[in-house]
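J.: Handing over target_12.tsv, TSV, C-alpha atoms and all ligand atoms.
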chain	number	residue	atom	x	y	z
P	1	MET	CA	-15.13	-7.11	-10.05
P	2	LYS	CA	-11.76	-7.44	-11.73
P	3	SER	CA	-10.00	-10.60	-10.69
P	4	VAL	CA	-6.28	-11.23	-10.90
P	5	ALA	CA	-6.95	-13.22	-14.06
P	6	ASP	CA	-8.79	-10.27	-15.66
P	7	VAL	CA	-6.05	-7.79	-14.98
P	8	PRO	CA	-3.09	-8.48	-17.22
P	9	ASP	CA	-0.01	-8.61	-15.05
P	10	VAL	CA	1.82	-5.91	-16.98
P	11	PRO	CA	5.23	-5.24	-15.54
P	12	PHE	CA	5.71	-1.70	-14.35
P	13	ASP	CA	7.61	0.04	-17.12
P	14	SER	CA	9.90	-2.89	-17.81
P	15	GLN	CA	10.23	-6.54	-18.65
P	16	GLU	CA	12.72	-7.10	-15.87
P	17	THR	CA	12.72	-10.04	-13.53
P	18	PRO	CA	10.52	-9.32	-10.54
P	19	VAL	CA	12.34	-8.55	-7.30
P	20	VAL	CA	9.50	-10.15	-5.37
P	21	LEU	CA	7.70	-13.16	-6.75
P	22	THR	CA	5.32	-15.38	-4.88
P	23	SER	CA	3.76	-18.52	-6.23
P	24	GLU	CA	0.71	-19.92	-4.46
P	25	LEU	CA	2.07	-18.90	-1.10
P	26	ARG	CA	-0.10	-20.17	1.71
P	27	LYS	CA	0.08	-19.89	5.47
P	28	VAL	CA	-2.00	-21.88	7.91
P	29	TYR	CA	-1.45	-21.21	11.60
P	30	ARG	CA	-2.19	-23.95	14.08
P	31	THR	CA	-3.72	-22.64	17.26
P	32	GLY	CA	-5.54	-23.92	20.33
P	33	PHE	CA	-4.19	-25.93	23.26
P	34	TRP	CA	-3.66	-29.08	21.15
P	35	LEU	CA	-2.72	-27.06	18.05
P	36	ASN	CA	-5.75	-28.67	16.43
P	37	GLU	CA	-7.40	-25.46	15.24
P	38	LYS	CA	-6.39	-23.94	11.96
P	39	VAL	CA	-6.33	-20.30	10.90
P	40	VAL	CA	-5.78	-19.84	7.18
P	41	SER	CA	-4.02	-16.48	7.07
P	42	LEU	CA	-2.98	-16.55	3.44
P	43	LYS	CA	-4.55	-18.62	0.67
P	44	SER	CA	-2.53	-19.28	-2.44
P	45	CYS	CA	-1.06	-15.83	-3.02
P	46	SER	CA	0.72	-15.27	-6.35
P	47	LEU	CA	2.07	-11.83	-7.18
P	48	LYS	CA	5.05	-10.02	-8.64
P	49	VAL	CA	6.71	-6.77	-7.69
P	50	TYR	CA	9.17	-5.30	-10.17
P	51	GLN	CA	12.41	-3.37	-9.78
P	52	GLY	CA	11.87	0.29	-8.92
P	53	GLU	CA	8.17	-0.13	-8.31
P	54	THR	CA	6.17	1.29	-5.42
P	55	PHE	CA	3.70	-1.47	-4.70
P	56	GLY	CA	0.86	-1.02	-2.23
P	57	LEU	CA	-0.85	-3.90	-0.50
P	58	LEU	CA	-4.34	-3.09	0.76
P	59	GLY	CA	-6.81	-5.05	2.77
P	60	PRO	CA	-8.99	-4.86	5.86
P	61	ASN	CA	-7.76	-5.87	9.32
P	62	GLY	CA	-6.82	-9.53	9.43
P	63	ALA	CA	-6.60	-9.85	5.63
P	64	GLY	CA	-3.12	-11.38	5.77
P	65	LYS	CA	-0.91	-8.42	4.81
P	66	THR	CA	1.52	-8.70	7.70
P	67	THR	CA	1.53	-12.48	7.26
P	68	LEU	CA	2.64	-12.03	3.64
P	69	PHE	CA	5.43	-9.65	4.71
P	70	LYS	CA	6.61	-12.03	7.42
P	71	LEU	CA	6.65	-14.91	4.94
P	72	LEU	CA	8.66	-12.91	2.44
P	73	LEU	CA	11.12	-11.80	5.09
P	74	GLY	CA	11.61	-15.36	6.32
P	75	ILE	CA	10.23	-14.54	9.79
P	76	ILE	CA	7.65	-17.32	9.42
P	77	ARG	CA	7.68	-20.28	7.06
P	78	PRO	CA	5.02	-20.89	4.43
P	79	THR	CA	2.76	-23.91	4.79
P	80	THR	CA	2.98	-24.41	1.02
P	81	GLY	CA	4.04	-22.35	-1.97
P	82	LYS	CA	7.18	-20.56	-3.01
P	83	GLY	CA	8.59	-17.09	-2.97
P	84	ILE	CA	11.62	-15.45	-4.56
P	85	LEU	CA	13.21	-12.27	-3.27
P	86	LEU	CA	15.92	-10.54	-5.27
P	87	GLY	CA	16.46	-13.75	-7.21
P	88	LYS	CA	16.82	-16.03	-4.16
P	89	PRO	CA	14.30	-18.27	-2.42
P	90	ILE	CA	12.67	-16.64	0.60
P	91	GLY	CA	14.63	-17.19	3.78
P	92	ASP	CA	17.98	-17.04	1.95
P	93	ARG	CA	20.32	-15.14	4.25
P	94	SER	CA	22.48	-13.66	1.49
P	95	VAL	CA	19.77	-11.20	0.40
P	96	LYS	CA	19.03	-9.86	3.89
P	97	GLN	CA	21.79	-7.25	3.55
P	98	ARG	CA	19.80	-5.76	0.67
P	99	ILE	CA	16.44	-5.64	2.42
P	100	GLY	CA	14.96	-3.06	4.80
P	101	TYR	CA	11.91	-3.67	6.99
P	102	LEU	CA	9.70	-1.41	9.04
P	103	PRO	CA	7.56	-3.76	11.14
P	104	GLU	CA	3.94	-3.04	11.99
P	105	ASN	CA	4.76	-2.59	15.69
P	106	PRO	CA	8.50	-1.98	15.81
P	107	TYR	CA	10.04	-2.79	19.16
P	108	LEU	CA	12.28	0.12	19.99
P	109	TYR	CA	14.31	0.01	23.16
P	110	ASP	CA	12.95	2.57	25.64
P	111	TYR	CA	16.25	3.39	27.27
P	112	LEU	CA	18.26	3.84	24.09
P	113	THR	CA	18.44	7.14	22.29
P	114	GLY	CA	17.39	7.23	18.64
P	115	TRP	CA	21.04	7.53	17.71
P	116	GLU	CA	22.07	4.51	19.81
P	117	PHE	CA	19.25	2.46	18.33
P	118	LEU	CA	20.38	3.27	14.81
P	119	GLN	CA	23.95	2.40	15.81
P	120	LEU	CA	22.66	-0.95	17.07
P	121	ALA	CA	20.82	-1.57	13.80
P	122	ALA	CA	23.92	-0.53	11.82
P	123	GLY	CA	26.02	-2.94	13.90
P	124	ILE	CA	23.77	-5.84	12.87
P	125	PHE	CA	24.63	-5.05	9.25
P	126	GLN	CA	28.31	-4.65	10.17
P	127	ILE	CA	28.38	-1.10	8.89
P	128	PRO	CA	31.76	0.46	9.84
P	129	SER	CA	31.65	3.25	12.49
P	130	SER	CA	32.93	5.88	10.07
P	131	LEU	CA	30.04	5.14	7.69
P	132	GLN	CA	27.59	5.07	10.62
P	133	ARG	CA	28.66	8.58	11.66
P	134	GLN	CA	27.88	9.73	8.15
P	135	ARG	CA	24.67	7.78	7.57
P	136	ILE	CA	22.85	8.17	10.89
P	137	PRO	CA	22.57	11.98	10.76
P	138	GLN	CA	21.54	11.75	7.09
P	139	LEU	CA	18.75	9.34	7.99
P	140	LEU	CA	17.61	11.37	10.98
P	141	ASP	CA	17.44	14.34	8.68
P	142	LEU	CA	15.50	12.35	6.05
P	143	VAL	CA	12.85	11.23	8.56
P	144	GLY	CA	12.55	14.69	10.10
P	145	LEU	CA	14.18	13.94	13.44
P	146	SER	CA	17.28	16.09	13.13
P	147	LYS	CA	15.74	18.88	15.20
P	148	ILE	CA	15.20	16.77	18.33
P	149	ASP	CA	18.42	15.82	20.00
P	150	ALA	CA	18.42	12.19	18.95
P	151	ARG	CA	21.85	11.73	20.54
P	152	LYS	CA	20.56	12.53	24.03
P	153	LYS	CA	16.85	11.83	24.11
P	154	GLN	CA	15.84	8.30	25.11
P	155	MET	CA	13.10	6.77	23.00
P	156	ARG	CA	10.74	6.40	25.97
P	157	ARG	CA	10.40	10.17	25.66
P	158	TYR	CA	9.47	10.04	21.95
P	159	SER	CA	5.92	10.46	20.69
P	160	LYS	CA	4.31	7.66	18.59
P	161	GLY	CA	5.05	9.56	15.39
P	162	MET	CA	8.68	10.08	16.39
P	163	LEU	CA	9.05	6.35	17.10
P	164	GLN	CA	7.56	5.59	13.69
P	165	ARG	CA	10.19	7.85	12.13
P	166	VAL	CA	13.05	6.14	13.98
P	167	GLY	CA	11.59	2.84	12.78
P	168	MET	CA	11.74	4.15	9.22
P	169	ALA	CA	15.35	5.31	9.65
P	170	GLN	CA	16.20	1.84	10.99
P	171	ALA	CA	14.61	0.25	7.90
P	172	LEU	CA	16.96	2.26	5.70
P	173	ILE	CA	20.16	1.94	7.71
P	174	ASN	CA	21.70	-0.62	5.32
P	175	ASN	CA	20.78	1.40	2.20
P	176	PRO	CA	18.52	-1.45	1.02
P	177	ASP	CA	17.44	-2.14	-2.56
P	178	LEU	CA	14.08	-3.50	-1.44
P	179	VAL	CA	12.11	-1.99	1.44
P	180	PHE	CA	9.12	-3.54	3.19
P	181	LEU	CA	7.03	-1.03	5.10
P	182	ASP	CA	4.18	-2.37	7.20
P	183	GLU	CA	1.85	0.60	7.72
P	184	PRO	CA	4.47	3.36	7.55
P	185	MET	CA	1.86	6.14	7.92
P	186	SER	CA	0.35	4.75	11.10
P	187	GLY	CA	0.45	7.19	14.00
P	188	LEU	CA	1.59	10.13	11.91
P	189	ASP	CA	-0.10	13.52	11.78
P	190	PRO	CA	-1.00	14.99	8.34
P	191	VAL	CA	2.40	16.68	8.04
P	192	GLY	CA	4.10	13.46	9.09
P	193	ARG	CA	2.12	11.51	6.50
P	194	TYR	CA	3.09	14.00	3.84
P	195	GLN	CA	6.75	13.68	4.88
P	196	MET	CA	6.50	9.89	4.83
P	197	ARG	CA	5.09	10.03	1.30
P	198	GLU	CA	7.97	12.31	0.31
P	199	ILE	CA	10.47	9.87	1.82
P	200	ILE	CA	8.92	6.99	-0.12
P	201	LEU	CA	9.08	9.05	-3.32
P	202	THR	CA	12.74	9.90	-2.60
P	203	LEU	CA	13.49	6.21	-2.16
P	204	LYS	CA	11.74	5.50	-5.43
P	205	GLN	CA	13.86	8.14	-7.17
P	206	GLN	CA	16.92	6.36	-5.83
P	207	GLY	CA	15.72	3.26	-7.71
P	208	LYS	CA	14.63	1.31	-4.66
P	209	THR	CA	11.68	-1.06	-4.74
P	210	ILE	CA	9.09	-0.32	-2.09
P	211	PHE	CA	6.52	-2.86	-1.00
P	212	PHE	CA	4.23	-1.41	1.59
P	213	ASN	CA	0.82	-1.73	3.11
P	214	SER	CA	-1.39	0.97	4.49
P	215	HIS	CA	-4.98	1.65	5.46
P	216	ILE	CA	-4.71	5.24	4.29
P	217	LEU	CA	-5.98	4.79	0.76
P	218	SER	CA	-5.53	8.41	-0.31
P	219	ASP	CA	-1.80	8.06	0.43
P	220	VAL	CA	-1.62	4.79	-1.46
P	221	GLU	CA	-3.36	6.41	-4.42
P	222	LYS	CA	-0.82	9.22	-4.47
P	223	ILE	CA	2.36	7.18	-4.47
P	224	CYS	CA	1.78	3.66	-5.78
P	225	ASP	CA	2.57	2.36	-9.24
P	226	ARG	CA	0.50	-0.75	-8.62
P	227	VAL	CA	-1.71	-2.03	-5.86
P	228	ALA	CA	-3.12	-5.37	-4.77
P	229	ILE	CA	-6.08	-5.97	-2.50
P	230	LEU	CA	-6.06	-8.86	-0.08
P	231	ALA	CA	-9.25	-9.96	1.67
P	232	LYS	CA	-9.57	-12.95	3.98
P	233	GLY	CA	-6.17	-14.18	2.84
P	234	GLU	CA	-7.09	-14.05	-0.82
P	235	LEU	CA	-5.81	-11.74	-3.53
P	236	VAL	CA	-8.89	-9.95	-4.86
P	237	CYS	CA	-7.18	-7.90	-7.56
P	238	CYS	CA	-3.84	-6.53	-8.62
P	239	GLY	CA	-2.87	-3.87	-11.13
P	240	SER	CA	-2.00	-0.25	-11.78
P	241	LEU	CA	-4.49	2.41	-10.67
P	242	ASN	CA	-5.42	2.99	-14.31
P	243	GLN	CA	-6.09	-0.70	-14.78
P	244	LEU	CA	-8.20	-0.96	-11.65
P	245	LEU	CA	-9.97	2.40	-11.56
P	246	GLY	CA	-9.96	3.19	-15.27
P	247	THR	CA	-8.73	6.46	-16.71
P	248	ALA	CA	-10.77	9.56	-15.98
P	249	ASN	CA	-12.88	9.59	-19.13
P	250	THR	CA	-16.39	9.51	-17.72
P	251	TYR	CA	-18.29	12.71	-17.12
P	252	TYR	CA	-20.24	13.10	-13.92
P	253	VAL	CA	-22.99	15.69	-14.31
P	254	ILE	CA	-25.54	17.48	-12.18
P	255	GLY	CA	-28.39	19.01	-14.12
P	256	GLU	CA	-32.06	19.87	-14.16
P	257	GLY	CA	-35.02	19.53	-16.49
P	258	GLY	CA	-35.31	17.19	-19.48
P	259	ASP	CA	-37.22	13.99	-20.12
P	260	TRP	CA	-36.59	11.46	-17.33
P	261	GLU	CA	-36.92	8.42	-19.62
P	262	ILE	CA	-34.39	9.74	-22.10
P	263	LEU	CA	-32.12	10.89	-19.30
P	264	GLN	CA	-32.11	7.36	-17.86
P	265	LYS	CA	-30.70	6.07	-21.16
P	266	TRP	CA	-27.82	8.55	-21.02
P	267	LEU	CA	-27.25	8.26	-17.28
P	268	PRO	CA	-28.04	4.67	-16.24
P	269	ASN	CA	-27.24	5.42	-12.59
P	270	ILE	CA	-29.18	8.72	-12.53
P	271	GLU	CA	-30.45	9.87	-9.14
P	272	SER	CA	-32.91	12.65	-8.49
P	273	LYS	CA	-32.10	15.11	-5.73
P	274	LEU	CA	-34.45	16.79	-3.27
P	275	ASP	CA	-34.13	20.17	-4.96
P	276	GLY	CA	-35.49	18.67	-8.22
P	277	SER	CA	-32.10	18.37	-9.94
P	278	TRP	CA	-30.53	15.08	-10.96
P	279	GLN	CA	-27.01	13.62	-11.09
P	280	GLY	CA	-25.25	10.69	-12.72
P	281	GLU	CA	-22.46	9.42	-14.95
P	282	VAL	CA	-22.80	9.93	-18.69
P	283	GLN	CA	-22.68	6.76	-20.71
P	284	GLY	CA	-21.75	7.42	-24.32
P	285	ASP	CA	-20.47	10.51	-26.11
P	286	TYR	CA	-20.62	13.57	-23.89
P	287	TYR	CA	-21.25	16.03	-26.74
P	288	ASP	CA	-24.15	13.95	-28.07
P	289	PHE	CA	-25.56	13.92	-24.56
P	290	LEU	CA	-25.32	17.73	-24.34
P	291	ALA	CA	-27.11	18.09	-27.70
P	292	SER	CA	-29.83	15.71	-26.58
P	293	LEU	CA	-30.23	17.56	-23.28
P	294	ARG	CA	-30.60	20.87	-25.09
P	295	LEU	CA	-33.32	19.38	-27.28
P	296	MET	CA	-35.13	18.18	-24.14
P	297	GLY	CA	-34.91	21.64	-22.62
P	298	GLY	CA	-32.68	20.52	-19.75
P	299	LYS	CA	-29.50	22.17	-18.54
P	300	ILE	CA	-26.22	21.34	-16.82
P	301	ILE	CA	-25.57	22.77	-13.34
P	302	ASN	CA	-22.17	21.19	-12.78
P	303	MET	CA	-19.92	18.54	-14.33
P	304	LYS	CA	-16.55	16.92	-13.72
P	305	LEU	CA	-14.37	14.24	-15.21
P	306	PHE	CA	-14.79	11.22	-13.05
P	307	ARG	CA	-13.13	8.05	-12.03
P	308	PRO	CA	-13.82	6.23	-8.77
P	309	SER	CA	-11.36	6.84	-5.95
P	310	LEU	CA	-9.31	3.97	-4.64
P	311	GLU	CA	-11.46	4.11	-1.52
P	312	GLU	CA	-14.67	3.65	-3.55
P	313	PHE	CA	-13.05	0.82	-5.49
P	314	PHE	CA	-11.81	-0.80	-2.29
P	315	ILE	CA	-15.19	-0.66	-0.53
P	316	LYS	CA	-17.02	-1.93	-3.62
P	317	ASN	CA	-14.67	-4.90	-4.01
P	318	LEU	CA	-14.87	-5.86	-0.38
P	319	GLN	CA	-18.65	-5.74	-0.36
P	320	LYS	CA	-18.90	-8.36	-3.11
G	401	LIG	N1	0.78	-16.11	15.15
G	401	LIG	C1	-0.48	-16.27	14.75
G	401	LIG	N2	-1.20	-17.33	15.16
G	401	LIG	C2	-2.47	-17.52	14.74
G	401	LIG	N3	-3.12	-16.71	13.89
G	401	LIG	C3	-2.45	-15.64	13.46
G	401	LIG	C4	-1.12	-15.34	13.86
G	401	LIG	N4	-0.72	-14.21	13.24
G	401	LIG	C5	-1.76	-13.80	12.50
G	401	LIG	N5	-2.81	-14.64	12.64
G	401	LIG	C6	-4.12	-14.53	11.97
G	401	LIG	O1	-3.89	-14.42	10.57
G	401	LIG	C7	-4.82	-13.53	9.99
G	401	LIG	C8	-4.09	-12.46	9.22
G	401	LIG	O2	-3.34	-11.66	10.13
G	401	LIG	P1	-2.41	-10.46	9.65
G	401	LIG	O3	-1.71	-9.94	10.84
G	401	LIG	O4	-1.56	-10.96	8.53
G	401	LIG	O5	-3.47	-9.43	9.11
G	401	LIG	P2	-3.26	-7.96	8.52
G	401	LIG	O6	-3.83	-7.93	7.15
G	401	LIG	O7	-1.83	-7.55	8.68
G	401	LIG	O8	-4.19	-7.10	9.48
G	401	LIG	P3	-4.00	-5.59	10.06
G	401	LIG	O9	-4.46	-4.67	8.97
G	401	LIG	O10	-4.92	-5.57	11.24
G	401	LIG	O11	-2.57	-5.40	10.43
G	401	LIG	C9	-5.69	-13.01	11.14
G	401	LIG	O12	-6.86	-13.74	11.17
G	401	LIG	C10	-4.85	-13.28	12.37
G	401	LIG	O13	-5.67	-13.52	13.48
G	402	MG	MG	-0.87	-6.06	9.68
Rewrite the structure from the file as structure tokens, please.

T.:
Amino acid sequence: MKSVADVPDVPFDSQETPVVLTSELRKVYRTGFWLNEKVVSLKSCSLKVYQGETFGLLGPNGAGKTTLFKLLLGIIRPTTGKGILLGKPIGDRSVKQRIGYLPENPYLYDYLTGWEFLQLAAGIFQIPSSLQRQRIPQLLDLVGLSKIDARKKQMRRYSKGMLQRVGMAQALINNPDLVFLDEPMSGLDPVGRYQMREIILTLKQQGKTIFFNSHILSDVEKICDRVAILAKGELVCCGSLNQLLGTANTYYVIGEGGDWEILQKWLPNIESKLDGSWQGEVQGDYYDFLASLRLMGGKIINMKLFRPSLEEFFIKNLQK
């Protein structure tokens, strides 16, 4: 397993100051009637997210992802440790104008229309009405809600996916430099997920920094520059996909025939299949392996360049 120490913390494409920096951030909740029980939600979390990066935070339920977001956003206070956001200590009010946040379970007022809700959010940021009239339709268009009549339809009549989209529009109402998205794909259908990925990529093109968490690993794999895995409040690993998964330079082959003992040397994880064929990853030079196989009288049925998926990596790391 690659630990944080193993993975060099290479800044994404730049040597710039991180826009998010946490240093041994820790959160212990006190629970129980006498507040005498402790729940350690986050243990000594140190990470950096750089300008313009799309950073994905992964972890099973209860790992501490939302806790980390809440700490960074100043919604809860750390027990110990420090954090810096856009150059200011966490909780500093002056940077809030530059931050957007899509909460895990956004509370959206049932009896407001999507438009009214966005007006409300814009009012909190003191965005002038003229700019609101310009920005709200743009955002509704961006999140794919321009077709429903967001001016008239109250949000109690929205589907889960539509609410998620309004939540996203709300997170962007102040044109933030740094956006926190807590499970932005949750509740979306495949088209909605695709659109959400496109929105995130559009934000990235605009130079925004996106810090998000999701359980949909295939989405994370498609859009993230770097990822970190949290488990039981602890950072298990952090790095770019190439650093964590390796580049696709291993061949995965399915073949038949040959000498099993020699094959085992070439394919240490070789498995035989019911139909008499075998499969495994080639260790060593692929062309030398092919020559050796020919000499043994074996043949290749299928082969592909291989690197583990983020899902395989995730499961493997959490099982350790
Ligand atoms: N207000 C609270 N009081 C006590 N414990 C809490 C509180 N909020 C969170 N926890 C605990 O902290 C731990 C981390 O919770 P958190 O919500 O950060 O997890 P998560 O990684 O976001 O999970 P999920 O993927 O399910 O959203 C859990 O054990 C949870 O029970
Ligand atoms: Mg959560």

J.: Could you produce a table of the residues of segment 227-247 of chain P lying within 10 Å of segment 43-57 of chain P, with the nearest pair of atoms per residue and their separation in Å rounded to one decimal, using all atoms listed in the file, ordered by chain and increasing residue number, as JSON lines?

T.:
{"residue": "P:Val227", "atom": "CA", "partner": "P:Gly56", "partner_atom": "CA", "distance": 4.6}
{"residue": "P:Ala228", "atom": "CA", "partner": "P:Leu57", "partner_atom": "CA", "distance": 5.1}
{"residue": "P:Ile229", "atom": "CA", "partner": "P:Leu57", "partner_atom": "CA", "distance": 6.0}
{"residue": "P:Leu230", "atom": "CA", "partner": "P:Leu57", "partner_atom": "CA", "distance": 7.2}
{"residue": "P:Ala231", "atom": "CA", "partner": "P:Lys43", "partner_atom": "CA", "distance": 9.9}
{"residue": "P:Lys232", "atom": "CA", "partner": "P:Lys43", "partner_atom": "CA", "distance": 8.3}
{"residue": "P:Gly233", "atom": "CA", "partner": "P:Lys43", "partner_atom": "CA", "distance": 5.2}
{"residue": "P:Glu234", "atom": "CA", "partner": "P:Lys43", "partner_atom": "CA", "distance": 5.4}
{"residue": "P:Leu235", "atom": "CA", "partner": "P:Cys45", "partner_atom": "CA", "distance": 6.3}
{"residue": "P:Val236", "atom": "CA", "partner": "P:Cys45", "partner_atom": "CA", "distance": 10.0}
{"residue": "P:Cys238", "atom": "CA", "partner": "P:Leu47", "partner_atom": "CA", "distance": 8.1}
{"residue": "P:Gly239", "atom": "CA", "partner": "P:Phe55", "partner_atom": "CA", "distance": 9.5}
{"residue": "P:Ser240", "atom": "CA", "partner": "P:Phe55", "partner_atom": "CA", "distance": 9.2}

J.: So how many Å separate atom CA of Leu112 of chain P and atom CA of Met155 of chain P, to one decimal?

T.: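 Straight-line distance from atom CA of Leu112 of chain P to atom CA of Met155 of chain P works out to 6.0 Å.
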
J.: Between P:Lys273, P:Arg133, P:Arg30, P:His215, which one has atoms that come closest to ligand MG 402 (chain G), using only C-alpha atoms and all ligand atoms?

T.: P:His215

J.: Which neighbours of Gly298 of chain P fall inside 7 Å, counting all atoms listed in the file, when residues of the same chain fewer than 5 positions from it are skipped, and could you give them as a PyMOL selection string?

T.: chain P and resi 256-258+293

J.: Give as a PDB file with C-alpha atoms, in the frame of the given file the residues surrounding ligand LIG 401 (chain G) up to a distance of 9 Å, considering only C-alpha atoms and all ligand atoms.

T.:
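Dumped to pocket-v1.pdb:
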ATOM      1  CA  LYS P  27       0.080 -19.890   5.470  1.00  0.00           C
ATOM      2  CA  VAL P  28      -2.000 -21.880   7.910  1.00  0.00           C
ATOM      3  CA  TYR P  29      -1.450 -21.210  11.600  1.00  0.00           C
ATOM      4  CA  ARG P  30      -2.190 -23.950  14.080  1.00  0.00           C
ATOM      5  CA  THR P  31      -3.720 -22.640  17.260  1.00  0.00           C
ATOM      6  CA  LYS P  38      -6.390 -23.940  11.960  1.00  0.00           C
ATOM      7  CA  VAL P  39      -6.330 -20.300  10.900  1.00  0.00           C
ATOM      8  CA  VAL P  40      -5.780 -19.840   7.180  1.00  0.00           C
ATOM      9  CA  SER P  41      -4.020 -16.480   7.070  1.00  0.00           C
ATOM     10  CA  LEU P  42      -2.980 -16.550   3.440  1.00  0.00           C
ATOM     11  CA  LEU P  58      -4.340  -3.090   0.760  1.00  0.00           C
ATOM     12  CA  GLY P  59      -6.810  -5.050   2.770  1.00  0.00           C
ATOM     13  CA  PRO P  60      -8.990  -4.860   5.860  1.00  0.00           C
ATOM     14  CA  ASN P  61      -7.760  -5.870   9.320  1.00  0.00           C
ATOM     15  CA  GLY P  62      -6.820  -9.530   9.430  1.00  0.00           C
ATOM     16  CA  ALA P  63      -6.600  -9.850   5.630  1.00  0.00           C
ATOM     17  CA  GLY P  64      -3.120 -11.380   5.770  1.00  0.00           C
ATOM     18  CA  LYS P  65      -0.910  -8.420   4.810  1.00  0.00           C
ATOM     19  CA  THR P  66       1.520  -8.700   7.700  1.00  0.00           C
ATOM     20  CA  THR P  67       1.530 -12.480   7.260  1.00  0.00           C
ATOM     21  CA  LEU P  68       2.640 -12.030   3.640  1.00  0.00           C
ATOM     22  CA  PHE P  69       5.430  -9.650   4.710  1.00  0.00           C
ATOM     23  CA  LYS P  70       6.610 -12.030   7.420  1.00  0.00           C
ATOM     24  CA  GLU P 104       3.940  -3.040  11.990  1.00  0.00           C
ATOM     25  CA  ASP P 182       4.180  -2.370   7.200  1.00  0.00           C
ATOM     26  CA  GLU P 183       1.850   0.600   7.720  1.00  0.00           C
ATOM     27  CA  ASN P 213       0.820  -1.730   3.110  1.00  0.00           C
ATOM     28  CA  SER P 214      -1.390   0.970   4.490  1.00  0.00           C
ATOM     29  CA  HIS P 215      -4.980   1.650   5.460  1.00  0.00           C
ATOM     30  CA  LEU P 230      -6.060  -8.860  -0.080  1.00  0.00           C
ATOM     31  CA  ALA P 231      -9.250  -9.960   1.670  1.00  0.00           C
ATOM     32  CA  LYS P 232      -9.570 -12.950   3.980  1.00  0.00           C
ATOM     33  CA  GLY P 233      -6.170 -14.180   2.840  1.00  0.00           C
TER      34      GLY P 233
END

J.: From the set P:Ser218, P:Gln154, P:Gln126, P:Ser277, which residue has the shortest atom-to-atom contact distance to Thr113 of chain P, counting all atoms listed in the file?

T.: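 Smallest separation from Thr113 of chain P among the options: P:Gln154.
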
J.: Return as AutoDock Vina command-line options the centre and edge lengths, in Å with one decimal, of the box along x, y and z that encloses every atom of segment 57-73 of chain P in the file, padded by 3 Å per side.

T.:
--center_x 1.1 --center_y -9.0 --center_z 4.5 --size_x 26.1 --size_y 17.8 --size_z 15.9
